[in-house]
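Listing of input.tsv; format and content: TSV, C-alpha atoms.
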chain	number	residue	atom	x	y	z
A	1	MET	CA	142.65	105.33	141.50
A	2	THR	CA	139.00	104.37	141.66
A	3	ILE	CA	137.87	107.69	140.15
A	4	LYS	CA	140.41	107.43	137.31
A	5	ALA	CA	139.43	103.83	136.67
A	6	ASN	CA	135.76	104.78	136.53
A	7	LYS	CA	136.48	107.61	134.08
A	8	THR	CA	138.46	105.22	131.91
A	9	VAL	CA	135.67	102.66	131.92
A	10	ILE	CA	133.07	105.32	131.08
A	11	GLY	CA	135.24	106.69	128.28
A	12	VAL	CA	135.74	103.25	126.77
A	13	PHE	CA	132.02	102.57	127.05
A	14	VAL	CA	131.10	105.82	125.27
A	15	VAL	CA	133.61	105.26	122.48
A	16	GLY	CA	132.38	101.71	122.04
A	17	ALA	CA	128.76	102.84	121.93
A	18	VAL	CA	129.54	105.46	119.27
A	19	ALA	CA	131.43	102.89	117.22
A	20	LEU	CA	128.53	100.45	117.41
A	21	PHE	CA	126.10	103.22	116.42
A	22	VAL	CA	128.14	104.14	113.34
A	23	ALA	CA	128.57	100.48	112.40
A	24	GLY	CA	124.83	99.97	112.72
A	25	LEU	CA	124.12	102.89	110.42
A	26	ILE	CA	126.50	101.49	107.83
A	27	VAL	CA	125.21	97.91	108.04
A	28	PHE	CA	121.47	98.45	108.43
A	29	GLY	CA	121.24	101.68	106.50
A	30	SER	CA	123.43	100.39	103.69
A	31	GLY	CA	125.56	103.49	104.18
A	32	VAL	CA	122.91	105.72	102.61
A	33	ILE	CA	123.64	108.68	104.88
A	34	PHE	CA	127.23	108.70	103.66
A	35	LYS	CA	126.27	108.69	99.99
A	36	HIS	CA	126.22	111.91	98.05
A	37	ALA	CA	122.77	112.98	96.91
A	38	ASP	CA	122.05	115.62	94.29
A	39	GLU	CA	119.15	117.98	94.94
A	40	TYR	CA	116.70	119.03	92.25
A	41	VAL	CA	113.54	121.10	92.20
A	42	LEU	CA	110.30	120.03	90.54
A	43	PHE	CA	107.14	122.00	89.81
A	44	PHE	CA	103.86	120.18	89.29
A	45	ASP	CA	100.75	121.76	87.84
A	46	GLY	CA	97.79	121.78	90.20
A	47	SER	CA	97.47	120.01	93.52
A	48	ILE	CA	100.02	117.57	94.91
A	49	LYS	CA	97.69	116.26	97.60
A	50	GLY	CA	99.04	112.94	98.83
A	51	LEU	CA	102.71	113.79	98.29
A	52	SER	CA	104.72	114.18	101.48
A	53	VAL	CA	108.30	114.63	102.63
A	54	GLY	CA	110.06	111.27	102.56
A	55	ALA	CA	107.96	109.93	99.70
A	56	PRO	CA	109.97	107.71	97.33
A	57	VAL	CA	111.44	108.94	94.08
A	58	ILE	CA	111.64	106.01	91.68
A	59	PHE	CA	112.94	105.26	88.22
A	60	ARG	CA	111.06	102.43	86.51
A	61	GLY	CA	110.13	100.95	89.87
A	62	VAL	CA	113.55	101.27	91.50
A	63	ARG	CA	113.98	103.78	94.29
A	64	VAL	CA	116.65	106.35	93.46
A	65	GLY	CA	115.90	109.02	96.05
A	66	SER	CA	113.23	110.69	98.13
A	67	VAL	CA	111.31	113.91	98.58
A	68	LYS	CA	113.28	116.28	100.83
A	69	ASP	CA	111.06	119.35	101.07
A	70	ILE	CA	107.71	120.74	99.93
A	71	SER	CA	106.90	124.41	100.29
A	72	LEU	CA	104.66	127.22	99.08
A	73	VAL	CA	106.26	130.17	97.31
A	74	TYR	CA	104.58	133.24	95.87
A	75	ASP	CA	105.70	133.95	92.33
A	76	ASN	CA	105.59	137.65	91.53
A	77	LYS	CA	105.80	136.96	87.80
A	78	VAL	CA	102.57	135.00	87.60
A	79	HIS	CA	101.05	136.47	90.77
A	80	ASP	CA	100.22	133.06	92.12
A	81	LEU	CA	101.44	130.48	94.60
A	82	ILE	CA	103.74	127.76	93.33
A	83	ILE	CA	104.77	124.54	95.04
A	84	PRO	CA	108.46	123.72	94.64
A	85	VAL	CA	109.24	120.10	95.49
A	86	ILE	CA	112.86	119.42	96.41
A	87	VAL	CA	114.02	115.87	95.75
A	88	GLU	CA	117.27	114.11	96.58
A	89	ILE	CA	118.62	111.67	94.01
A	90	ILE	CA	121.59	109.39	94.61
A	91	PRO	CA	123.59	109.27	91.34
A	92	GLY	CA	125.19	105.94	92.21
A	93	ARG	CA	121.82	104.16	92.23
A	94	VAL	CA	121.99	103.90	88.44
A	95	LYS	CA	124.96	101.60	87.83
A	96	GLY	CA	126.71	100.91	84.57
A	97	ALA	CA	124.87	103.64	82.66
A	98	PRO	CA	126.90	105.50	80.02
A	99	LYS	CA	125.61	108.77	81.47
A	100	GLU	CA	125.50	108.96	85.24
A	101	TRP	CA	122.69	110.82	86.91
A	102	GLY	CA	124.32	113.98	88.14
A	103	TYR	CA	124.84	117.65	87.58
A	104	SER	CA	127.46	117.00	84.89
A	105	ASN	CA	124.93	115.22	82.64
A	106	TYR	CA	121.91	117.17	83.83
A	107	GLU	CA	121.16	119.07	80.61
A	108	LEU	CA	121.84	116.04	78.42
A	109	LEU	CA	119.40	113.91	80.43
A	110	ILE	CA	116.70	116.54	79.97
A	111	LYS	CA	117.44	116.70	76.26
A	112	GLU	CA	117.04	112.92	76.01
A	113	GLY	CA	113.63	113.14	77.65
A	114	LEU	CA	114.08	112.53	81.38
A	115	ARG	CA	110.90	113.75	83.07
A	116	ALA	CA	109.19	113.43	86.44
A	117	LYS	CA	105.53	112.78	87.14
A	118	LEU	CA	103.26	111.98	90.06
A	119	GLU	CA	102.05	108.41	90.53
A	120	ILE	CA	99.87	106.71	93.10
A	121	GLN	CA	101.90	104.95	95.76
A	122	SER	CA	98.96	103.49	97.69
A	123	PHE	CA	95.26	103.46	96.87
A	124	ILE	CA	94.47	102.71	100.49
A	125	THR	CA	96.25	105.72	102.02
A	126	GLY	CA	96.09	107.99	98.98
A	127	GLN	CA	99.84	108.63	99.10
A	128	LEU	CA	101.72	109.71	96.01
A	129	MET	CA	105.30	109.25	94.84
A	130	ILE	CA	107.46	110.73	92.10
A	131	SER	CA	108.39	108.63	89.11
A	132	PHE	CA	111.18	109.41	86.63
A	133	ASP	CA	111.43	108.00	83.13
A	134	PHE	CA	112.41	109.00	79.61
A	135	TYR	CA	109.73	110.64	77.46
A	136	PRO	CA	111.70	111.90	74.44
A	137	ASP	CA	108.62	113.18	72.59
A	138	THR	CA	107.57	115.59	75.36
A	139	ILE	CA	108.40	119.27	75.76
A	140	ALA	CA	110.75	120.23	78.61
A	141	ASN	CA	108.84	122.98	80.39
A	142	LEU	CA	111.13	124.64	82.94
A	143	ARG	CA	110.03	127.50	85.19
A	144	GLY	CA	113.56	128.63	86.01
A	145	ILE	CA	112.39	130.30	89.21
A	146	MET	CA	114.67	128.80	91.89
A	147	LYS	CA	118.12	129.52	90.48
A	148	ASN	CA	119.91	127.79	93.36
A	149	TYR	CA	118.54	124.40	92.29
A	150	HIS	CA	118.79	122.36	89.12
A	151	GLU	CA	115.26	121.89	87.81
A	152	PHE	CA	113.88	118.79	86.14
A	153	PRO	CA	110.83	119.17	83.90
A	154	THR	CA	107.62	117.44	84.91
A	155	LEU	CA	104.68	115.95	83.06
A	156	PRO	CA	101.07	116.93	83.73
A	157	THR	CA	99.41	114.92	86.44
A	158	THR	CA	97.62	111.89	85.06
A	159	PRO	CA	93.99	112.85	84.44
A	160	ASP	CA	91.67	111.96	87.30
A	161	ILE	CA	94.52	110.65	89.48
A	162	PHE	CA	92.98	112.34	92.49
A	163	ASP	CA	89.45	111.42	91.43
A	164	VAL	CA	90.52	107.79	91.28
A	165	MET	CA	91.79	107.94	94.86
A	166	GLU	CA	88.67	109.71	96.04
A	167	GLU	CA	86.41	107.22	94.28
A	168	VAL	CA	88.03	104.24	96.02
A	169	PRO	CA	85.39	103.28	98.63
A	170	ILE	CA	87.78	103.05	101.55
A	171	LYS	CA	85.06	103.16	104.22
A	172	GLU	CA	82.92	100.62	102.38
A	173	ILE	CA	85.88	98.27	101.94
A	174	ALA	CA	86.78	98.58	105.62
A	175	HIS	CA	83.13	98.03	106.62
A	176	ASN	CA	82.79	94.95	104.43
A	177	LEU	CA	86.07	93.56	105.70
A	178	ASP	CA	84.94	94.10	109.27
A	179	ASP	CA	81.63	92.33	108.56
A	180	THR	CA	83.50	89.44	106.92
A	181	VAL	CA	85.81	89.01	109.92
A	182	LYS	CA	82.83	89.14	112.31
A	183	GLY	CA	81.01	86.55	110.21
A	184	ILE	CA	84.02	84.22	110.28
A	185	ASN	CA	84.30	84.64	114.03
A	186	ARG	CA	80.61	83.84	114.51
A	187	LEU	CA	80.99	80.74	112.33
A	188	LEU	CA	83.98	79.56	114.33
A	189	ASP	CA	82.29	80.23	117.65
A	190	SER	CA	79.09	78.42	116.62
A	191	GLY	CA	80.82	75.05	116.47
A	192	TYR	CA	79.26	74.35	113.06
A	193	LEU	CA	82.64	73.94	111.41
A	194	GLN	CA	83.76	71.50	114.10
A	195	GLU	CA	80.64	69.38	113.55
A	196	THR	CA	81.13	69.54	109.78
A	197	PHE	CA	84.77	68.50	110.05
A	198	PHE	CA	83.80	65.63	112.39
A	199	GLU	CA	81.15	64.37	109.97
A	200	LEU	CA	83.57	64.72	107.08
A	201	LYS	CA	86.14	62.73	109.01
A	202	GLU	CA	83.64	59.92	109.62
A	203	THR	CA	82.65	59.91	105.95
A	204	LEU	CA	86.28	59.67	104.87
A	205	GLN	CA	86.86	56.79	107.29
A	206	GLU	CA	83.86	54.90	105.87
A	207	MET	CA	85.06	55.55	102.32
A	208	THR	CA	88.51	54.28	103.27
A	209	GLN	CA	87.04	51.10	104.76
A	210	SER	CA	84.89	50.53	101.67
A	211	ALA	CA	87.93	50.99	99.45
A	212	ARG	CA	89.85	48.41	101.48
A	213	SER	CA	86.98	45.92	101.21
A	214	PHE	CA	86.76	46.44	97.46
A	215	ARG	CA	90.50	45.98	97.19
A	216	MET	CA	90.26	42.68	99.06
A	217	LEU	CA	87.47	41.55	96.71
A	218	VAL	CA	89.55	42.39	93.65
A	219	ASP	CA	92.57	40.57	95.08
A	220	TYR	CA	90.45	37.48	95.80
A	221	LEU	CA	88.98	37.41	92.31
A	222	GLU	CA	92.45	37.73	90.79
A	223	GLN	CA	93.57	34.71	92.82
A	224	HIS	CA	90.33	32.71	92.28
A	225	PRO	CA	88.90	33.66	88.87
A	226	GLU	CA	86.82	30.45	88.80
A	227	ALA	CA	84.74	31.79	91.64
A	228	PHE	CA	83.63	34.66	89.44
A	229	LEU	CA	83.19	32.57	86.28
A	230	LYS	CA	81.15	29.80	87.93
A	231	GLY	CA	79.18	32.11	90.11
A	232	LYS	CA	80.69	30.47	93.20
A	233	PRO	CA	79.86	32.38	96.34
A	234	ILE	CA	82.77	34.14	97.88
A	235	ILE	CA	83.31	33.06	101.43
A	236	LYS	CA	85.60	35.05	103.67
A	237	GLY	CA	88.73	33.15	104.48
A	238	GLU	CA	88.23	30.63	101.68
Here is the file; what I need is its structure written in the form of structure tokens.
Amino acid sequence: MTIKANKTVIGVFVVGAVALFVAGLIVFGSGVIFKHADEYVLFFDGSIKGLSVGAPVIFRGVRVGSVKDISLVYDNKVHDLIIPVIVEIIPGRVKGAPKEWGYSNYELLIKEGLRAKLEIQSFITGQLMISFDFYPDTIANLRGIMKNYHEFPTLPTTPDIFDVMEEVPIKEIAHNLDDTVKGINRLLDSGYLQETFFELKETLQEMTQSARSFRMLVDYLEQHPEAFLKGKPIIKGE
């Protein structure tokens, strides 16, 4: 009986743990893993340094997917290496649109100018992300190499995007920030601020007392205007 009871308890515990795990995924992950995601391939000209798996795919600032895979493939036609970037896009992220993002409207979206391009995600880390938007006046250049994926056309990388990241003086910024923090610490440790605050407090107290005395003088003159007109000396308590 004890062995059977223990097995029952263990079984209930395992089932409960699995149920809690699934519920946690749904609640905290907003059910993303259960949403259908369409996969597309993108080809960017030149280097994609700074783009990594998991990087966000956005549409006008709103995240609609992520980068699933980045690889190197040799193209026999051009005798060069190409870099296919596989992205996952959740069609349901665009709500209320007359044309849902999906395979069914794939060609129409391209015709209307939907393009992808690289953008800087963080100047500090140099990470990139992929941004989608409509550019109806651009040509849809498709390589048509990976037939097992739907391909979205891309725009040329913004000129000097990598130069901009390289020109950001990361080390200098970090060094200056470190010096600033050290300077603040030295100032706090020196006790100068404490002395300054103490002196300021005394000054404010004196100003407050002077203001009270002036207020008393004004009140007295309002009650005894003849003292001011006749030049009568003001005596405290009079």
Between A:Val218, A:His150, A:Gly144, A:Ser213, smallest distance to Lys77 (chain A) by all atoms listed in the file belongs to A:Gly144
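Each of A:Leu204, A:Ile130, A:Leu81, A:Ile124 was checked against Lys68 (chain A) using all atoms listed in the file; the smallest atom-to-atom distance is that of A:Ile130.
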Shortest interatomic distance to Phe59 (chain A) - which of A:Val78, A:Val73, A:Leu114, A:Val85, counting only C-alpha atoms | A:Leu114
How far is it from CA of Asp45 (chain A) to CA of Thr157 (chain A), in Å with one decimal?
-> 7.1 Å
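Reported to one decimal place, the separation of CA of Thr125 (chain A) from CA of Pro91 (chain A) is 29.6 Å.
Restricting the calculation to all atoms listed in the file, the smallest distance between Phe132 (chain A) and any of A:Thr208, A:Ile58, A:Gly183, A:Gly92 is found for A:Ile58.
For the pair CA of Phe43 (chain A) and CA of Thr138 (chain A), the interatomic distance is 15.8 Å.
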